[in-house]
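One structure below.
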There are 2 protein chains.
Amino acid sequence: MLEGPSAHAAEVLCFADRIGRSSHGVANLDRIYLSRLRSGAIDAKAQPVVERSTPAATLVDGRQSMGLSTGVMAMDLAMERARSAGIGLTVVRNSSHLGCAGFFTDRAARQAMVGMAATNCGGQRIAPPPSGLAPMLGTNPISIGAPAGPHPPFVLDMSTTVVATSRIRQAARRGEEVPPGWLVGPDGSTVTDPNEFMEGRAQVAFLGGTEAAGAFKGYGLALAVDVLCGLLSGAAVGPGPLDEDGSSDKDIGHFFLAIDIASLRDPDAYATDAGSLFGNLLSSPARPGAQVRYPGEPEDQHRAESDSHGVTLERAVYDDLLAVVERHGLQAPEGVQEVAS
Amino acid sequence: MLEGPSAHAAEVLCFADRIGRSSHGVANLDRIYLSRLRSGAIDAKAQPVVERSTPAATLVDGRQSMGLSTGVMAMDLAMERARSAGIGLTVVRNSSHLGCAGFFTDRAARQAMVGMAATNCGGQRIAPPPSGLAPMLGTNPISIGAPAGPHPPFVLDMSTTVVATSRIRQAARRGEEVPPGWLVGPDGSTVTDPNEFMEGRAQVAFLGGTEAAGAFKGYGLALAVDVLCGLLSGAAVGPGPLDEDGSSDKDIGHFFLAIDIASLRDPDAYATDAGSLFGNLLSSPARPGAQVRYPGEPEDQHRAESDSHGVTLERAVYDDLLAVVERHGLQAPEGVQEVAS
């Protein structure tokens, strides 16, 4: 088992591919992380610093470090606090792209903790508020994880917009319409042609889609993430001052919370109740051909399959990885098999 | 200023009417609270008991007390812990209907804290999971509040279903259709006729509405509330064992979190950043005739108007209150004015 920031960063990235969330996996290695290391936006040698520390809460200055690894350090610190105080919080400013938020709460859940993780998008403006014409907030994901007794951990990991913008770009490439609710026009109408987004005439909607269907709630959750990750830590926020150079994914903020179950109740009683809750959901009546599932359960199954049979990568992602291998004079991977697409 | 459980319960109920959320106000006095006091489901003399206590986290057994007042005690305990430990958590089991969750986070925000509050619905089953045919979870609301510098506090208070079921009953009474996304048929289709709900052929959808538009996220948030309020405290949960007597709003669980801003950063710097964030939202470009707002801001304006000009109640609610006054031999209210409906 490797330790240290590089190993942690690799573990977070590969976790996303193992659970089937390839949008947050090694496809981002060169596109997000290596490119920012090259440009200096992420500092490979940075050592995150604890700036404030109370019995249960910590503020970390990430010093422009890799969010992937700083996140692991910060979640572990929150869990350490939780073991002594019952609950622990770490907020981080001056960090960078966190990767798959579910990694951090899954990590907590596997150590008998309930975990929460959130990250804002620094000063990036991606989605417009209800009634608004201009994007003001990022996709601001939230994750909550908890042990589920004999079942796979509960791990919710969700952006607060309906979908990530990558899903809309994908539909545009494929010439497909997007479902109603994903895109909103300047008059608040539902847009299903992804080219309207590509050409700047429609924007991604907050969870809820239309205002009648709850977009105020998705917007409110995104704002809560800017409060928890940005205002509490001093990181940049979506509705903050715009960068002069327009590059606004600097100074990203994160929020990590850990709750030690054993501080509050008998862990065996928790496990029994959790087994009943998640078991009753899994066995509850479903539509013909379908099954009721819960966040984290399909991902856990995907991970088990990945760990037995390997991870499948898109050809383009694999070619990008080979280019990285070549550029850095690394050893070419072994045991790769071509599968039909 | 009155103190004690009864005064706190009255304050929480009236808060809802003052901010314009009459669905959680005195309309529920007799329907929910007095009726449960009469039946013994809520015990007026119960004294909530601290069962576990760590430097930052507390478990409270509500002893079937009034959730409205036990919630105030629990949030105040979380804030007390936060003042010494940086962050404080109180989970409550064996409680009853909490009322307006936003009251508790607004209370935290006005004491320079970031607050979170959530309540489950005990064992009540209201909405079906995605792909599921049977309701399994409650409407499980979440609230997050934070100071906003010179602006009204940010207070998000949302059910994790698209809407509360009262909104659907209201549409049925008025003979109106409901917007797409509120109701889901057994095959997952969108239903707009509220009579389908009244007659049991459609159910209220989780936030996101359809599965393509993110209902898995609303469902995941509702589940997270059952984890935080139910599994952590030992209270009943939606997918738990069904009560033999079918009365399943007993043993409700709550979750209250307080984060002391001054433990993490200079409160003046927080206020400056918060003023910029919320100010930039309020002044951001909007559709003709509209304004960008944020959760808590319209409610604060409504409260200021209520406190200056009084609270307007529906005639039926006022008549119910008069009946309570008469039944208990209380003094009839003064200064009531009839306004056009």
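Starting from 1 in every chain, residues are counted up; chains themselves are A, B, ... following the order of the structure tokens, and ligands are numbered from 1 as listed.
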I'd like the neighbourhood of A:His24 as a PyMOL selection string, where a residue qualifies if any of its atoms comes within 9 Å (using only C-alpha atoms), though same-chain residues fewer than 2 positions away should be ignored. chain A and resi 13-17+21-22+26-28+99-100
Just the selected residues (all heavy atoms), exported as a PDB file, in the first residue's frame, please.
```
ATOM      1  N   LEU A  13      -8.427   9.194  -7.948  1.00  0.00           N
ATOM      2  CA  LEU A  13      -8.732   9.162  -9.384  1.00  0.00           C
ATOM      3  C   LEU A  13      -9.199   7.771  -9.805  1.00  0.00           C
ATOM      4  O   LEU A  13     -10.201   7.625 -10.509  1.00  0.00           O
ATOM      5  CB  LEU A  13      -7.487   9.521 -10.196  1.00  0.00           C
ATOM      6  CG  LEU A  13      -7.312  10.939 -10.681  1.00  0.00           C
ATOM      7  CD1 LEU A  13      -6.225  10.977 -11.749  1.00  0.00           C
ATOM      8  CD2 LEU A  13      -8.592  11.522 -11.240  1.00  0.00           C
ATOM      9  N   CYS A  14      -8.470   6.743  -9.384  1.00  0.00           N
ATOM     10  CA  CYS A  14      -8.800   5.377  -9.810  1.00  0.00           C
ATOM     11  C   CYS A  14     -10.104   4.893  -9.182  1.00  0.00           C
ATOM     12  O   CYS A  14     -10.830   4.095  -9.782  1.00  0.00           O
ATOM     13  CB  CYS A  14      -7.657   4.417  -9.469  1.00  0.00           C
ATOM     14  SG  CYS A  14      -6.163   4.803 -10.404  1.00  0.00           S
ATOM     15  N   PHE A  15     -10.425   5.396  -7.982  1.00  0.00           N
ATOM     16  CA  PHE A  15     -11.693   5.054  -7.330  1.00  0.00           C
ATOM     17  C   PHE A  15     -12.861   5.373  -8.256  1.00  0.00           C
ATOM     18  O   PHE A  15     -13.789   4.577  -8.410  1.00  0.00           O
ATOM     19  CB  PHE A  15     -11.822   5.839  -6.024  1.00  0.00           C
ATOM     20  CG  PHE A  15     -13.146   5.687  -5.309  1.00  0.00           C
ATOM     21  CD1 PHE A  15     -13.355   4.665  -4.398  1.00  0.00           C
ATOM     22  CD2 PHE A  15     -14.189   6.590  -5.519  1.00  0.00           C
ATOM     23  CE1 PHE A  15     -14.572   4.523  -3.728  1.00  0.00           C
ATOM     24  CE2 PHE A  15     -15.403   6.464  -4.858  1.00  0.00           C
ATOM     25  CZ  PHE A  15     -15.586   5.421  -3.955  1.00  0.00           C
ATOM     26  N   ALA A  16     -12.808   6.553  -8.895  1.00  0.00           N
ATOM     27  CA  ALA A  16     -13.912   6.959  -9.769  1.00  0.00           C
ATOM     28  C   ALA A  16     -14.093   5.949 -10.896  1.00  0.00           C
ATOM     29  O   ALA A  16     -15.223   5.542 -11.203  1.00  0.00           O
ATOM     30  CB  ALA A  16     -13.655   8.360 -10.316  1.00  0.00           C
ATOM     31  N   ASP A  17     -12.993   5.500 -11.520  1.00  0.00           N
ATOM     32  CA  ASP A  17     -13.121   4.504 -12.589  1.00  0.00           C
ATOM     33  C   ASP A  17     -13.584   3.162 -12.040  1.00  0.00           C
ATOM     34  O   ASP A  17     -14.373   2.467 -12.680  1.00  0.00           O
ATOM     35  CB  ASP A  17     -11.780   4.349 -13.321  1.00  0.00           C
ATOM     36  CG  ASP A  17     -11.457   5.575 -14.158  1.00  0.00           C
ATOM     37  OD1 ASP A  17     -12.267   5.910 -15.036  1.00  0.00           O
ATOM     38  OD2 ASP A  17     -10.412   6.206 -13.916  1.00  0.00           O
ATOM     39  N   ARG A  21     -17.701   5.755 -12.357  1.00  0.00           N
ATOM     40  CA  ARG A  21     -17.925   7.176 -12.583  1.00  0.00           C
ATOM     41  C   ARG A  21     -16.727   7.743 -13.363  1.00  0.00           C
ATOM     42  O   ARG A  21     -15.899   8.500 -12.824  1.00  0.00           O
ATOM     43  CB  ARG A  21     -18.122   7.899 -11.250  1.00  0.00           C
ATOM     44  CG  ARG A  21     -18.750   9.264 -11.427  1.00  0.00           C
ATOM     45  CD  ARG A  21     -19.189   9.863 -10.111  1.00  0.00           C
ATOM     46  NE  ARG A  21     -20.434   9.298  -9.633  1.00  0.00           N
ATOM     47  CZ  ARG A  21     -21.415  10.020  -9.077  1.00  0.00           C
ATOM     48  NH1 ARG A  21     -21.297  11.311  -8.958  1.00  0.00           N
ATOM     49  NH2 ARG A  21     -22.506   9.427  -8.643  1.00  0.00           N
ATOM     50  N   SER A  22     -16.658   7.338 -14.645  1.00  0.00           N
ATOM     51  CA  SER A  22     -15.450   7.624 -15.417  1.00  0.00           C
ATOM     52  C   SER A  22     -15.265   9.114 -15.679  1.00  0.00           C
ATOM     53  O   SER A  22     -14.166   9.560 -15.972  1.00  0.00           O
ATOM     54  CB  SER A  22     -15.476   6.840 -16.728  1.00  0.00           C
ATOM     55  OG  SER A  22     -16.669   7.129 -17.425  1.00  0.00           O
ATOM     56  N   VAL A  26      -9.479   8.701 -14.474  1.00  0.00           N
ATOM     57  CA  VAL A  26      -8.201   8.996 -15.124  1.00  0.00           C
ATOM     58  C   VAL A  26      -8.374   9.795 -16.408  1.00  0.00           C
ATOM     59  O   VAL A  26      -7.404  10.356 -16.918  1.00  0.00           O
ATOM     60  CB  VAL A  26      -7.395   7.701 -15.400  1.00  0.00           C
ATOM     61  CG1 VAL A  26      -6.957   7.061 -14.088  1.00  0.00           C
ATOM     62  CG2 VAL A  26      -8.200   6.720 -16.245  1.00  0.00           C
ATOM     63  N   ALA A  27      -9.608   9.884 -16.916  1.00  0.00           N
ATOM     64  CA  ALA A  27      -9.854  10.759 -18.073  1.00  0.00           C
ATOM     65  C   ALA A  27      -9.452  12.196 -17.754  1.00  0.00           C
ATOM     66  O   ALA A  27      -9.138  12.974 -18.653  1.00  0.00           O
ATOM     67  CB  ALA A  27     -11.327  10.701 -18.470  1.00  0.00           C
ATOM     68  N   ASN A  28      -9.464  12.554 -16.464  1.00  0.00           N
ATOM     69  CA  ASN A  28      -9.105  13.919 -16.059  1.00  0.00           C
ATOM     70  C   ASN A  28      -7.623  14.078 -15.730  1.00  0.00           C
ATOM     71  O   ASN A  28      -7.188  15.188 -15.417  1.00  0.00           O
ATOM     72  CB  ASN A  28      -9.921  14.340 -14.829  1.00  0.00           C
ATOM     73  CG  ASN A  28     -11.378  14.550 -15.160  1.00  0.00           C
ATOM     74  OD1 ASN A  28     -11.726  14.777 -16.330  1.00  0.00           O
ATOM     75  ND2 ASN A  28     -12.238  14.468 -14.168  1.00  0.00           N
ATOM     76  N   GLY A  99     -11.881  16.070  -7.352  1.00  0.00           N
ATOM     77  CA  GLY A  99     -12.190  14.739  -7.882  1.00  0.00           C
ATOM     78  C   GLY A  99     -13.543  14.276  -7.388  1.00  0.00           C
ATOM     79  O   GLY A  99     -14.437  15.089  -7.136  1.00  0.00           O
ATOM     80  N   CYS A 100     -13.680  12.975  -7.221  1.00  0.00           N
ATOM     81  CA  CYS A 100     -14.952  12.326  -6.887  1.00  0.00           C
ATOM     82  C   CYS A 100     -15.235  12.497  -5.388  1.00  0.00           C
ATOM     83  O   CYS A 100     -14.605  11.859  -4.543  1.00  0.00           O
ATOM     84  CB  CYS A 100     -14.797  10.857  -7.256  1.00  0.00           C
ATOM     85  SG  CYS A 100     -16.200   9.832  -6.907  1.00  0.00           S
TER      86      CYS A 100
END
```
Excluding A:Val324 and any residue of its chain fewer than 4 positions from it, enumerate the residues within 8 Å of it, using only C-alpha atoms, and give them as a list in words.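 After dropping sequence-adjacent residues, the list is Asp30, Asp320 and His328 of chain A.
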Going by DSSP on the backbone, which bits of stretch 55-224 of chain B are helix (DSSP H, G or I)? Write them as a PyMOL selection string, please. chain B and resi 67-85+101-109+165-174+194-198+215-224
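Residue nearest A:Ala213, chosen from A:Asp193, A:Ala271, A:Pro130, A:Ser263 and counting only C-alpha atoms: A:Pro130.
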Any idea what the distance is between atom CA of A:Pro147 and atom CA of A:Gly296?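 Going from atom CA of A:Pro147 over to atom CA of A:Gly296 covers 10.3 Å.
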Using DSSP on the backbone coordinates, identify the residues of stretch 29-227 of chain B assigned to strand (DSSP E); present them as a CSV table (one decimal) with C-alpha atoms, in the first residue's frame.
```csv
chain,number,residue,atom,x,y,z
B,49,VAL,CA,-32.8,13.8,28.6
B,50,VAL,CA,-29.2,14.0,27.4
B,51,GLU,CA,-28.2,10.3,27.0
B,52,ARG,CA,-24.7,10.7,25.5
B,53,SER,CA,-22.4,13.6,25.6
B,57,ALA,CA,-21.7,15.8,20.1
B,58,THR,CA,-24.9,15.0,22.1
B,59,LEU,CA,-27.6,12.4,21.9
B,60,VAL,CA,-31.0,13.5,23.3
B,61,ASP,CA,-33.9,11.2,24.1
B,87,ILE,CA,-18.6,22.7,15.9
B,88,GLY,CA,-21.5,21.1,17.8
B,89,LEU,CA,-24.0,18.4,17.0
B,90,THR,CA,-27.2,17.3,18.7
B,91,VAL,CA,-29.2,14.3,17.5
B,92,VAL,CA,-32.6,13.6,19.0
B,93,ARG,CA,-34.7,10.5,19.0
B,94,ASN,CA,-38.2,9.9,20.4
B,95,SER,CA,-39.4,13.4,19.5
B,113,MET,CA,-23.1,30.4,13.4
B,114,VAL,CA,-23.7,28.3,10.3
B,115,GLY,CA,-26.5,26.0,11.2
B,116,MET,CA,-27.9,22.8,9.7
B,117,ALA,CA,-31.2,21.2,10.8
B,118,ALA,CA,-33.0,18.1,9.5
B,119,THR,CA,-35.9,16.0,10.7
B,142,ILE,CA,-33.3,19.8,5.4
B,143,SER,CA,-32.4,23.4,6.4
B,144,ILE,CA,-29.1,25.3,6.2
B,145,GLY,CA,-28.6,28.8,7.5
B,146,ALA,CA,-25.8,31.3,7.6
B,147,PRO,CA,-25.2,34.9,8.3
B,148,ALA,CA,-25.1,37.0,5.1
B,151,HIS,CA,-28.1,41.2,4.0
B,152,PRO,CA,-30.8,39.0,5.6
B,153,PRO,CA,-29.5,35.6,6.7
B,154,PHE,CA,-29.3,32.8,4.1
B,155,VAL,CA,-31.9,30.2,5.2
B,156,LEU,CA,-32.6,27.3,2.9
B,157,ASP,CA,-35.5,25.1,4.2
B,158,MET,CA,-36.6,22.4,1.8
B,183,LEU,CA,-46.4,13.5,-9.3
B,184,VAL,CA,-45.2,10.2,-10.6
B,190,THR,CA,-45.3,12.2,-15.2
B,191,VAL,CA,-48.8,12.8,-13.8
B,203,GLN,CA,-47.4,9.5,-5.7
B,204,VAL,CA,-45.4,12.6,-4.9
```
Name all residues at most 12 Å from A:Ala172 (count only C-alpha atoms; drop same-chain ones fewer than 5 positions away) and give them as number ranges by chain. A: 165-167, 177-178, 192-199
Could you jot down the atom CA of A:Ser189 to atom CA of B:Gln291 separation for me, Å, one decimal place? 16.7 Å
With distances taken over only C-alpha atoms, which of B:Pro180, B:Gly234, B:Pro241, B:Pro135 is nearest to A:Leu264? B:Gly234
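Closest approach to chain A among B:Ala171, B:Leu277, B:Ala101, B:Leu29 is made by B:Leu277 (distances from only C-alpha atoms).
Taking atom CA of A:Leu98 as the reference point, atom CA of A:Leu68 is found at 4.9 Å.
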For chain B, the nearest of the candidates A:Arg38, A:Arg63, A:His97, A:Arg265, counting only C-alpha atoms: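 Of all the options, A:Arg265 lies closest to chain B.
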Selected residue of minimal separation from B:Asn280 among B:Ala112, B:Arg293, B:Ala41, B:Pro298, counting only C-alpha atoms: B:Arg293
Which one is closest to chain A: B:Ala316, B:Val163, B:Ala258, B:Cys229? Count only C-alpha atoms.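 Using only C-alpha atoms, chain A sits closest to B:Val163.
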